[in-house]
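The structure under discussion appears below in the form of structure tokens.
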Amino acid sequence: MGAMVKAFRDLGMEVIMTGSQFSCGGDYQEAAAKVNAGTVLIDDANEKELHDFLSQHRPHLFVGGTKERFPTHKLGIPFLVFPQESSPFAAYDGFINFAREVFGLLKSPVWRLIAEDNGIPGDTRGRNENRCKT
């Protein structure tokens with residue numbers, strides 16, 4: 001959790017929610033020390049909690065496990081699977097892989113088209129605003 005927060009910060013992105021399914025108290029303390037005040041820390045969110053949060057906050061990117069992918073896509077929000085399915089994210093080369101994948105997700109025109117089709121006004125996905133969830 002904390003390592004992902006740092007990686008997103010290194011990319012200049014704001015984390016608005018972070019959580020885990022299998023973390024312990026120490027992991028949450030580490031994450032809380034790395035995020036801004038007001039960031040939501042959640043433990044093993046259920047489908048309704050995630051849907052409500054995503055609908056209300058409309059993050060530009062959501063990171064989670066495979067079970068969260070399709071409900072997130074249905075809301076028109078780019079999704080990064082973690083642990084990753086593509087390239088490794090460890091060390092220097094891994095960070096480059098991570099940055100490349102995040103950039104590709106955020107800049108894909110499909111998200112803007114989905115937002116337009118769903119009538120989401122003022123959706124800036126794919127532009128310069130950078131908010132995400134780890």
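Ordered as shown in the structure tokens, chains take letters A, B, and onward, while each chain numbers its residues from 1 and ligands are numbered from 1 in the order shown.
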**Study point:** strand (DSSP E or B) per DSSP on the backbone: members of stretch 22-96 of chain A, as a ChimeraX atom specification
**Key:** /A:40-43,62-64,79-81
Show me, as JSON lines, the residues of stretch 2-34 of chain A having an atom within 12 Å of stretch 63-76 of chain A, each with the closest atom pair and its distance in Å, using only C-alpha atoms.
{"residue": "A:Met4", "atom": "CA", "partner": "A:Val63", "partner_atom": "CA", "distance": 9.5}
{"residue": "A:Val5", "atom": "CA", "partner": "A:Val63", "partner_atom": "CA", "distance": 11.0}
{"residue": "A:Phe8", "atom": "CA", "partner": "A:Val63", "partner_atom": "CA", "distance": 10.9}
{"residue": "A:Val15", "atom": "CA", "partner": "A:Val63", "partner_atom": "CA", "distance": 10.6}
{"residue": "A:Ile16", "atom": "CA", "partner": "A:Val63", "partner_atom": "CA", "distance": 11.6}
{"residue": "A:Met17", "atom": "CA", "partner": "A:Val63", "partner_atom": "CA", "distance": 9.9}
{"residue": "A:Thr18", "atom": "CA", "partner": "A:Val63", "partner_atom": "CA", "distance": 9.0}
{"residue": "A:Gly19", "atom": "CA", "partner": "A:Gly64", "partner_atom": "CA", "distance": 9.1}
{"residue": "A:Ser20", "atom": "CA", "partner": "A:Gly64", "partner_atom": "CA", "distance": 8.6}
{"residue": "A:Gln21", "atom": "CA", "partner": "A:Gly65", "partner_atom": "CA", "distance": 9.4}
{"residue": "A:Phe22", "atom": "CA", "partner": "A:Gly65", "partner_atom": "CA", "distance": 11.8}
Study note, to complete from the structure: From atom CA of A:Ile96 to atom CA of A:Leu54 the spacing works out at 27.1 Å
Give me the residues of stretch 47-124 of chain A that have any atom at most 10 Å from an atom of stretch 26-43 of chain A; for each, the nearest atom pair and the distance in Å, rounded to one decimal. Use only C-alpha atoms, sort by chain and number, and format it as JSON lines.
{"residue": "A:Glu49", "atom": "CA", "partner": "A:Ile42", "partner_atom": "CA", "distance": 9.5}
{"residue": "A:Leu50", "atom": "CA", "partner": "A:Ile42", "partner_atom": "CA", "distance": 9.7}
{"residue": "A:Phe53", "atom": "CA", "partner": "A:Val40", "partner_atom": "CA", "distance": 9.7}
Once you have the residues from the selection above, write them out as a CSV table (one decimal), in the first residue's frame, restricted to C-alpha atoms.
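And here's selection_13.csv as it stands now:
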chain,number,residue,atom,x,y,z
A,49,GLU,CA,-18.6,0.5,-1.0
A,50,LEU,CA,-16.4,0.6,-4.0
A,53,PHE,CA,-16.9,5.7,-3.7
Exercise for review: Could you tell me, as JSON, numbers by chain, which residues of stretch 10-131 of chain A DSSP assigns to alpha helix (DSSP H) when given the backbone?
Suggested key: {"A": [10, 25, 26, 27, 28, 29, 30, 31, 32, 33, 34, 47, 48, 49, 50, 51, 52, 53, 54, 55, 56, 57, 66, 67, 68, 69, 70, 71, 72, 73, 74, 91, 92, 93, 94, 95, 96, 97, 98, 99, 100, 101, 102, 103, 104, 105, 106, 107, 109, 110, 111, 112, 113, 114, 115, 116, 117]}
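Take the candidates A:Leu106, A:Ala90, A:Ala99, A:Leu113 and check each one against A:Ala3 using only C-alpha atoms; the shortest distance goes to A:Ala90.
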